[in-house]
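my_file10.pdb (PDB, C-alpha atoms, pLDDT in the B column)
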```
ATOM      1  CA  MET I   1       7.379  -1.684 -30.492  1.00 47.00           C
ATOM      2  CA  ASN I   2       3.896  -2.881 -29.720  1.00 49.00           C
ATOM      3  CA  LYS I   3       3.129  -2.951 -26.002  1.00 50.00           C
ATOM      4  CA  ALA I   4       1.992  -6.560 -26.370  1.00 48.00           C
ATOM      5  CA  PHE I   5       5.615  -7.555 -26.935  1.00 46.00           C
ATOM      6  CA  THR I   6       7.099  -5.739 -23.987  1.00 47.00           C
ATOM      7  CA  LYS I   7       7.306  -7.265 -20.555  1.00 47.00           C
ATOM      8  CA  GLU I   8       7.188  -5.659 -17.185  1.00 51.00           C
ATOM      9  CA  SER I   9      10.059  -6.519 -14.896  1.00 51.00           C
ATOM     10  CA  ASP I  10       9.734  -9.823 -13.081  1.00 46.00           C
ATOM     11  CA  ASN I  11      11.487  -8.189 -10.171  1.00 51.00           C
ATOM     12  CA  ASP I  12       8.711  -5.929  -8.939  1.00 47.00           C
ATOM     13  CA  ASP I  13       9.853  -6.704  -5.406  1.00 47.00           C
ATOM     14  CA  GLU I  14      13.286  -5.222  -6.038  1.00 50.00           C
ATOM     15  CA  LEU I  15      14.366  -2.543  -3.612  1.00 48.00           C
ATOM     16  CA  GLU I  16      13.401   0.996  -4.352  1.00 54.00           C
ATOM     17  CA  PRO I  17      16.062   2.981  -6.227  1.00 51.00           C
ATOM     18  CA  ASN I  18      18.326   5.061  -3.994  1.00 55.00           C
ATOM     19  CA  VAL I  19      17.509   2.973  -0.919  1.00 59.00           C
ATOM     20  CA  PRO I  20      20.578   1.393   0.646  1.00 61.00           C
ATOM     21  CA  VAL I  21      20.661  -2.346   0.952  1.00 67.00           C
ATOM     22  CA  LEU I  22      21.192  -3.746   4.429  1.00 66.00           C
ATOM     23  CA  PRO I  23      24.527  -5.578   4.581  1.00 64.00           C
ATOM     24  CA  ALA I  24      24.245  -9.333   5.093  1.00 67.00           C
ATOM     25  CA  GLY I  25      24.304 -10.319   8.740  1.00 66.00           C
ATOM     26  CA  PHE I  26      23.259  -6.891  10.038  1.00 69.00           C
ATOM     27  CA  LYS I  27      19.987  -6.042  11.723  1.00 78.00           C
ATOM     28  CA  ASN I  28      17.756  -3.295  10.403  1.00 86.00           C
ATOM     29  CA  TYR I  29      17.897  -0.981  13.419  1.00 91.00           C
ATOM     30  CA  ILE I  30      15.433   1.883  13.405  1.00 94.00           C
ATOM     31  CA  THR I  31      14.338   4.541  15.883  1.00 93.00           C
ATOM     32  CA  PRO I  32      10.726   4.604  17.123  1.00 94.00           C
ATOM     33  CA  ALA I  33      10.122   7.782  15.077  1.00 92.00           C
ATOM     34  CA  GLY I  34      11.528   6.139  11.945  1.00 93.00           C
ATOM     35  CA  LEU I  35       9.354   3.055  12.388  1.00 95.00           C
ATOM     36  CA  LYS I  36       6.287   5.237  12.916  1.00 95.00           C
ATOM     37  CA  SER I  37       7.123   7.135   9.730  1.00 94.00           C
ATOM     38  CA  LEU I  38       7.321   3.887   7.701  1.00 95.00           C
ATOM     39  CA  LYS I  39       4.020   2.649   9.170  1.00 96.00           C
ATOM     40  CA  ASP I  40       2.334   6.009   8.484  1.00 96.00           C
ATOM     41  CA  GLU I  41       3.483   5.925   4.850  1.00 96.00           C
ATOM     42  CA  LEU I  42       2.223   2.350   4.470  1.00 96.00           C
ATOM     43  CA  LEU I  43      -1.189   3.198   5.909  1.00 96.00           C
ATOM     44  CA  SER I  44      -1.442   6.307   3.722  1.00 96.00           C
ATOM     45  CA  LEU I  45      -0.710   4.270   0.594  1.00 96.00           C
ATOM     46  CA  ILE I  46      -3.196   1.545   1.529  1.00 95.00           C
ATOM     47  CA  ASP I  47      -6.008   3.740   2.868  1.00 95.00           C
ATOM     48  CA  LYS I  48      -5.788   6.863   0.693  1.00 95.00           C
ATOM     49  CA  GLU I  49      -3.599   6.854  -2.386  1.00 95.00           C
ATOM     50  CA  ARG I  50      -4.261   3.334  -3.716  1.00 94.00           C
ATOM     51  CA  PRO I  51      -8.088   3.593  -3.487  1.00 95.00           C
ATOM     52  CA  GLN I  52      -7.980   6.937  -5.338  1.00 93.00           C
ATOM     53  CA  VAL I  53      -5.892   5.480  -8.167  1.00 92.00           C
ATOM     54  CA  VAL I  54      -8.098   2.365  -8.327  1.00 92.00           C
ATOM     55  CA  GLN I  55     -11.130   4.626  -8.716  1.00 91.00           C
ATOM     56  CA  ILE I  56      -9.460   6.547 -11.576  1.00 86.00           C
ATOM     57  CA  VAL I  57      -8.411   3.323 -13.331  1.00 87.00           C
ATOM     58  CA  SER I  58     -11.902   1.883 -12.942  1.00 87.00           C
ATOM     59  CA  TRP I  59     -13.455   5.034 -14.407  1.00 85.00           C
ATOM     60  CA  ALA I  60     -10.931   5.055 -17.271  1.00 82.00           C
ATOM     61  CA  ALA I  61     -11.561   1.378 -18.031  1.00 83.00           C
ATOM     62  CA  SER I  62     -15.288   2.031 -18.296  1.00 83.00           C
ATOM     63  CA  ASN I  63     -14.624   4.577 -21.073  1.00 77.00           C
ATOM     64  CA  GLY I  64     -13.922   1.874 -23.635  1.00 74.00           C
ATOM     65  CA  ASP I  65     -10.727   1.578 -25.693  1.00 72.00           C
ATOM     66  CA  ARG I  66      -7.891   1.140 -23.213  1.00 71.00           C
ATOM     67  CA  SER I  67      -5.019   1.108 -25.704  1.00 72.00           C
ATOM     68  CA  GLU I  68      -4.978   4.896 -26.076  1.00 72.00           C
ATOM     69  CA  ASN I  69      -6.524   5.835 -22.748  1.00 75.00           C
ATOM     70  CA  GLY I  70      -3.894   7.832 -20.841  1.00 77.00           C
ATOM     71  CA  ASP I  71      -5.791   7.758 -17.538  1.00 81.00           C
ATOM     72  CA  TYR I  72      -5.972   3.985 -17.734  1.00 84.00           C
ATOM     73  CA  ILE I  73      -2.374   3.399 -18.845  1.00 85.00           C
ATOM     74  CA  TYR I  74      -0.769   5.797 -16.378  1.00 90.00           C
ATOM     75  CA  GLY I  75      -3.163   4.776 -13.617  1.00 88.00           C
ATOM     76  CA  LYS I  76      -2.181   1.131 -14.011  1.00 90.00           C
ATOM     77  CA  ARG I  77       1.491   2.142 -13.962  1.00 93.00           C
ATOM     78  CA  ARG I  78       0.927   4.181 -10.791  1.00 94.00           C
ATOM     79  CA  LEU I  79      -0.881   1.210  -9.206  1.00 94.00           C
ATOM     80  CA  ARG I  80       2.156  -1.000  -9.884  1.00 95.00           C
ATOM     81  CA  GLU I  81       4.413   1.641  -8.303  1.00 96.00           C
ATOM     82  CA  ILE I  82       2.167   1.891  -5.239  1.00 95.00           C
ATOM     83  CA  ASP I  83       1.948  -1.897  -4.877  1.00 96.00           C
ATOM     84  CA  ARG I  84       5.721  -2.198  -5.210  1.00 96.00           C
ATOM     85  CA  ARG I  85       6.217   0.439  -2.507  1.00 95.00           C
ATOM     86  CA  ILE I  86       3.669  -1.281  -0.241  1.00 96.00           C
ATOM     87  CA  ARG I  87       5.507  -4.623  -0.573  1.00 95.00           C
ATOM     88  CA  PHE I  88       8.823  -2.880   0.087  1.00 94.00           C
ATOM     89  CA  LEU I  89       7.491  -1.126   3.219  1.00 94.00           C
ATOM     90  CA  ILE I  90       5.952  -4.325   4.582  1.00 94.00           C
ATOM     91  CA  LYS I  91       9.269  -6.157   4.193  1.00 92.00           C
ATOM     92  CA  ARG I  92      11.223  -3.315   5.835  1.00 91.00           C
ATOM     93  CA  ILE I  93       8.784  -3.021   8.738  1.00 93.00           C
ATOM     94  CA  GLU I  94       8.862  -6.788   9.330  1.00 92.00           C
ATOM     95  CA  ALA I  95      12.680  -6.765   9.326  1.00 89.00           C
ATOM     96  CA  ALA I  96      12.977  -3.659  11.512  1.00 91.00           C
ATOM     97  CA  GLU I  97      14.597  -3.896  14.934  1.00 92.00           C
ATOM     98  CA  GLU I  98      13.202  -0.946  16.870  1.00 93.00           C
ATOM     99  CA  PHE I  99      15.768   0.579  19.211  1.00 92.00           C
ATOM    100  CA  ASP I 100      14.986   3.486  21.506  1.00 93.00           C
ATOM    101  CA  PRO I 101      18.103   5.680  21.841  1.00 93.00           C
ATOM    102  CA  SER I 102      16.678   7.396  24.934  1.00 91.00           C
ATOM    103  CA  ILE I 103      18.115   4.556  27.048  1.00 92.00           C
ATOM    104  CA  HIS I 104      21.478   6.298  26.583  1.00 92.00           C
ATOM    105  CA  TYR I 105      20.150   9.673  27.795  1.00 92.00           C
ATOM    106  CA  GLY I 106      22.882  11.505  29.696  1.00 89.00           C
ATOM    107  CA  ASN I 107      25.640   9.305  28.259  1.00 91.00           C
ATOM    108  CA  ASP I 108      28.573  11.000  26.514  1.00 92.00           C
ATOM    109  CA  GLN I 109      29.517   7.975  24.414  1.00 94.00           C
ATOM    110  CA  ILE I 110      28.244   7.692  20.837  1.00 95.00           C
ATOM    111  CA  PHE I 111      25.851   4.875  19.979  1.00 95.00           C
ATOM    112  CA  PHE I 112      22.898   4.410  17.621  1.00 95.00           C
ATOM    113  CA  GLY I 113      20.486   7.344  17.921  1.00 94.00           C
ATOM    114  CA  ALA I 114      23.041   9.848  19.185  1.00 95.00           C
ATOM    115  CA  THR I 115      23.010  13.440  18.004  1.00 96.00           C
ATOM    116  CA  VAL I 116      26.647  14.425  17.653  1.00 97.00           C
ATOM    117  CA  THR I 117      28.208  17.839  17.197  1.00 96.00           C
ATOM    118  CA  TYR I 118      31.763  17.683  15.892  1.00 96.00           C
ATOM    119  CA  GLU I 119      34.365  20.102  14.599  1.00 95.00           C
ATOM    120  CA  ARG I 120      36.305  19.600  11.384  1.00 93.00           C
ATOM    121  CA  GLU I 121      39.969  20.533  10.977  1.00 90.00           C
ATOM    122  CA  ASP I 122      38.968  23.823   9.291  1.00 91.00           C
ATOM    123  CA  GLY I 123      36.913  24.846  12.359  1.00 91.00           C
ATOM    124  CA  GLU I 124      33.520  24.117  10.776  1.00 94.00           C
ATOM    125  CA  GLU I 125      31.013  22.609  13.218  1.00 95.00           C
ATOM    126  CA  ASN I 126      28.465  20.044  12.065  1.00 95.00           C
ATOM    127  CA  THR I 127      25.666  18.222  13.845  1.00 96.00           C
ATOM    128  CA  ILE I 128      24.432  14.800  12.754  1.00 97.00           C
ATOM    129  CA  THR I 129      22.132  12.139  14.166  1.00 96.00           C
ATOM    130  CA  ILE I 130      22.921   8.456  13.703  1.00 96.00           C
ATOM    131  CA  VAL I 131      19.760   6.644  12.554  1.00 95.00           C
ATOM    132  CA  GLY I 132      18.635   3.531  10.654  1.00 93.00           C
ATOM    133  CA  ILE I 133      19.107   3.067   6.918  1.00 92.00           C
ATOM    134  CA  ASP I 134      15.402   3.584   6.259  1.00 91.00           C
ATOM    135  CA  GLU I 135      15.353   6.993   7.915  1.00 92.00           C
ATOM    136  CA  PHE I 136      18.627   8.566   6.831  1.00 91.00           C
ATOM    137  CA  ASP I 137      18.516  12.010   5.224  1.00 92.00           C
ATOM    138  CA  PRO I 138      21.912  13.688   4.811  1.00 91.00           C
ATOM    139  CA  LEU I 139      20.326  17.049   3.999  1.00 94.00           C
ATOM    140  CA  GLU I 140      18.594  16.952   7.405  1.00 94.00           C
ATOM    141  CA  GLY I 141      21.742  15.781   9.202  1.00 94.00           C
ATOM    142  CA  ARG I 142      20.555  12.187   9.695  1.00 95.00           C
ATOM    143  CA  ILE I 143      23.147   9.604   8.674  1.00 95.00           C
ATOM    144  CA  SER I 144      22.861   5.833   8.525  1.00 94.00           C
ATOM    145  CA  TRP I 145      24.503   3.836  11.292  1.00 93.00           C
ATOM    146  CA  ILE I 146      26.319   1.782   8.630  1.00 91.00           C
ATOM    147  CA  SER I 147      27.867   4.842   6.940  1.00 92.00           C
ATOM    148  CA  PRO I 148      31.638   5.367   7.185  1.00 92.00           C
ATOM    149  CA  MET I 149      31.059   8.557   9.221  1.00 94.00           C
ATOM    150  CA  ALA I 150      28.876   6.763  11.780  1.00 94.00           C
ATOM    151  CA  LYS I 151      31.260   3.811  12.003  1.00 94.00           C
ATOM    152  CA  THR I 152      34.055   6.274  12.763  1.00 94.00           C
ATOM    153  CA  LEU I 153      32.049   8.047  15.459  1.00 95.00           C
ATOM    154  CA  ILE I 154      30.450   5.074  17.234  1.00 95.00           C
ATOM    155  CA  LYS I 155      31.947   4.365  20.681  1.00 95.00           C
ATOM    156  CA  ALA I 156      33.851   7.680  20.755  1.00 95.00           C
ATOM    157  CA  ARG I 157      33.116  10.142  23.576  1.00 95.00           C
ATOM    158  CA  GLU I 158      32.792  13.898  23.978  1.00 94.00           C
ATOM    159  CA  GLY I 159      36.243  15.458  23.695  1.00 93.00           C
ATOM    160  CA  ASP I 160      37.696  12.589  21.658  1.00 94.00           C
ATOM    161  CA  THR I 161      39.409  13.130  18.332  1.00 95.00           C
ATOM    162  CA  VAL I 162      38.578  10.541  15.673  1.00 96.00           C
ATOM    163  CA  THR I 163      40.102   9.894  12.274  1.00 95.00           C
ATOM    164  CA  LEU I 164      37.736   9.804   9.321  1.00 93.00           C
ATOM    165  CA  HIS I 165      38.993   8.204   6.114  1.00 91.00           C
ATOM    166  CA  THR I 166      37.379   9.855   3.072  1.00 87.00           C
ATOM    167  CA  PRO I 167      38.060   9.687  -0.665  1.00 89.00           C
ATOM    168  CA  ALA I 168      39.652  13.133  -0.290  1.00 86.00           C
ATOM    169  CA  GLY I 169      42.019  11.857   2.402  1.00 90.00           C
ATOM    170  CA  ILE I 170      42.219  11.584   6.158  1.00 93.00           C
ATOM    171  CA  GLU I 171      40.436  14.102   8.357  1.00 92.00           C
ATOM    172  CA  GLU I 172      40.526  14.595  12.112  1.00 94.00           C
ATOM    173  CA  LEU I 173      37.196  15.322  13.825  1.00 95.00           C
ATOM    174  CA  VAL I 174      36.831  16.562  17.403  1.00 96.00           C
ATOM    175  CA  ILE I 175      33.656  15.430  19.185  1.00 96.00           C
ATOM    176  CA  LEU I 176      32.176  18.487  20.893  1.00 96.00           C
ATOM    177  CA  GLU I 177      28.829  17.218  22.162  1.00 96.00           C
ATOM    178  CA  VAL I 178      26.768  14.017  22.348  1.00 96.00           C
ATOM    179  CA  ASN I 179      23.018  14.087  23.038  1.00 95.00           C
ATOM    180  CA  TYR I 180      20.227  11.540  23.230  1.00 94.00           C
ATOM    181  CA  PRO I 181      16.469  12.133  23.389  1.00 92.00           C
ATOM    182  CA  LYS I 182      14.908  12.247  26.862  1.00 91.00           C
ATOM    183  CA  PRO I 183      13.065   9.095  27.918  1.00 87.00           C
ATOM    184  CA  GLU I 184       9.281   9.429  27.865  1.00 79.00           C
TER     185      GLU I 184
END
```

In structure tokens, write the structure found in this file.
Amino acid sequence: MNKAFTKESDNDDELEPNVPVLPAGFKNYITPAGLKSLKDELLSLIDKERPQVVQIVSWAASNGDRSENGDYIYGKRRLREIDRRIRFLIKRIEAAEEFDPSIHYGNDQIFFGATVTYEREDGEENTITIVGIDEFDPLEGRISWISPMAKTLIKAREGDTVTLHTPAGIEELVILEVNYPKPE
């Protein structure tokens, strides 16, 4: 099909794929480190990556025929991706509610920002940190505060046993340790 008859999505502002949507009525809590990370990414896109791609597209456009110019076509596509990500980051930063978990330093009860070590029924120990939806990374042990695991753990204390409902069934978790970052 000729490119002239195809249409880009009208929903360029749609959320990025694989980014959880904030449930209605909930605030977008984020740690200071998570907010800094979003702002750093935004500044990097605006100050470094976008100008480089604009320069490539400008050079490619000056070469003449744009219909078969790969640098031009893929550069324009990359510009749309960058602009979409910039709009997404701006919206998330504006909606963010920064919360410093260090106010709970020394507390043994689990709240947002806690680093929790727990033991599964099979004796396996795991450590997770409860963070905002924009900074979660399960492979790094950072889970979203709206996840079922975090909802199960929140308000429990060291030594408590909590019941986690999973698709595989019910599992008992023993809270071994709760830590918060030191205040600065």

**Request:** Would you mind telling me which residue in I:Pro138, I:Gly132, I:Pro51, I:Pro183 lies nearest to Asp83 of chain I when using only C-alpha atoms?
**Result:**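 Smallest separation from Asp83 of chain I among the options: I:Pro51.
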
**Asked** For Arg78 of chain I, which residue out of I:Leu42, I:Ile56, I:Val162, I:Ile90 is the nearest one, using all atoms listed in the file?
**Response**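 Among I:Leu42, I:Ile56, I:Val162, I:Ile90, it is I:Ile56 that comes nearest to Arg78 of chain I.
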
**Message:** Every residue with an atom at most 12 Å from (36.7, 9.0, 24.8) (file coordinates; all atoms listed in the file) is what I'm after, so could you write them as a PyMOL selection string?
**Reply:** chain I and resi 107-110+153-162+174-178

Would you save the residues of that selection, restricted to C-alpha atoms, as a short mmCIF file (atom, residue, chain, number, x, y, z; two decimals), in the coordinates of the input?
```cif
data_model
loop_
_atom_site.label_atom_id
_atom_site.label_comp_id
_atom_site.auth_asym_id
_atom_site.auth_seq_id
_atom_site.Cartn_x
_atom_site.Cartn_y
_atom_site.Cartn_z
CA ASN I 107 25.64 9.30 28.26
CA ASP I 108 28.57 11.00 26.51
CA GLN I 109 29.52 7.98 24.41
CA ILE I 110 28.24 7.69 20.84
CA LEU I 153 32.05 8.05 15.46
CA ILE I 154 30.45 5.07 17.23
CA LYS I 155 31.95 4.36 20.68
CA ALA I 156 33.85 7.68 20.76
CA ARG I 157 33.12 10.14 23.58
CA GLU I 158 32.79 13.90 23.98
CA GLY I 159 36.24 15.46 23.70
CA ASP I 160 37.70 12.59 21.66
CA THR I 161 39.41 13.13 18.33
CA VAL I 162 38.58 10.54 15.67
CA VAL I 174 36.83 16.56 17.40
CA ILE I 175 33.66 15.43 19.18
CA LEU I 176 32.18 18.49 20.89
CA GLU I 177 28.83 17.22 22.16
CA VAL I 178 26.77 14.02 22.35
#
```

**Message:** Env of Gln52 of chain I: 12 Å cut, atoms = all atoms listed in the file, seq-sep filter 4 positions within chain, self excluded. Answer as an NGL selection string.
**Reply:** :I and (44-48 or 56-59 or 75-76 or 78-79 or 82)

**Prompt:** Where does the PyMOL selection byres ((chain I and resi 94) around 12) land in this file, that is, which residues does it pick, as a ChimeraX atom specification?
**Reply:** /I:27-30,35,38-39,87-93,95-98

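The residues returned by the PyMOL selection byres ((chain I and resi 184) around 12) on the shown structure are Pro32, Asp100, Pro101, Ser102, Ile103, Tyr105, Pro181, Lys182 and Pro183 of chain I.
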
3 Å per side around segment 77-85 of chain I: axis-aligned box centre and edge lengths, as lines of an AutoDock Vina configuration file:
```
center_x = 2.7
center_y = 1.0
center_z = -8.2
size_x = 13.1
size_y = 12.4
size_z = 17.5
```
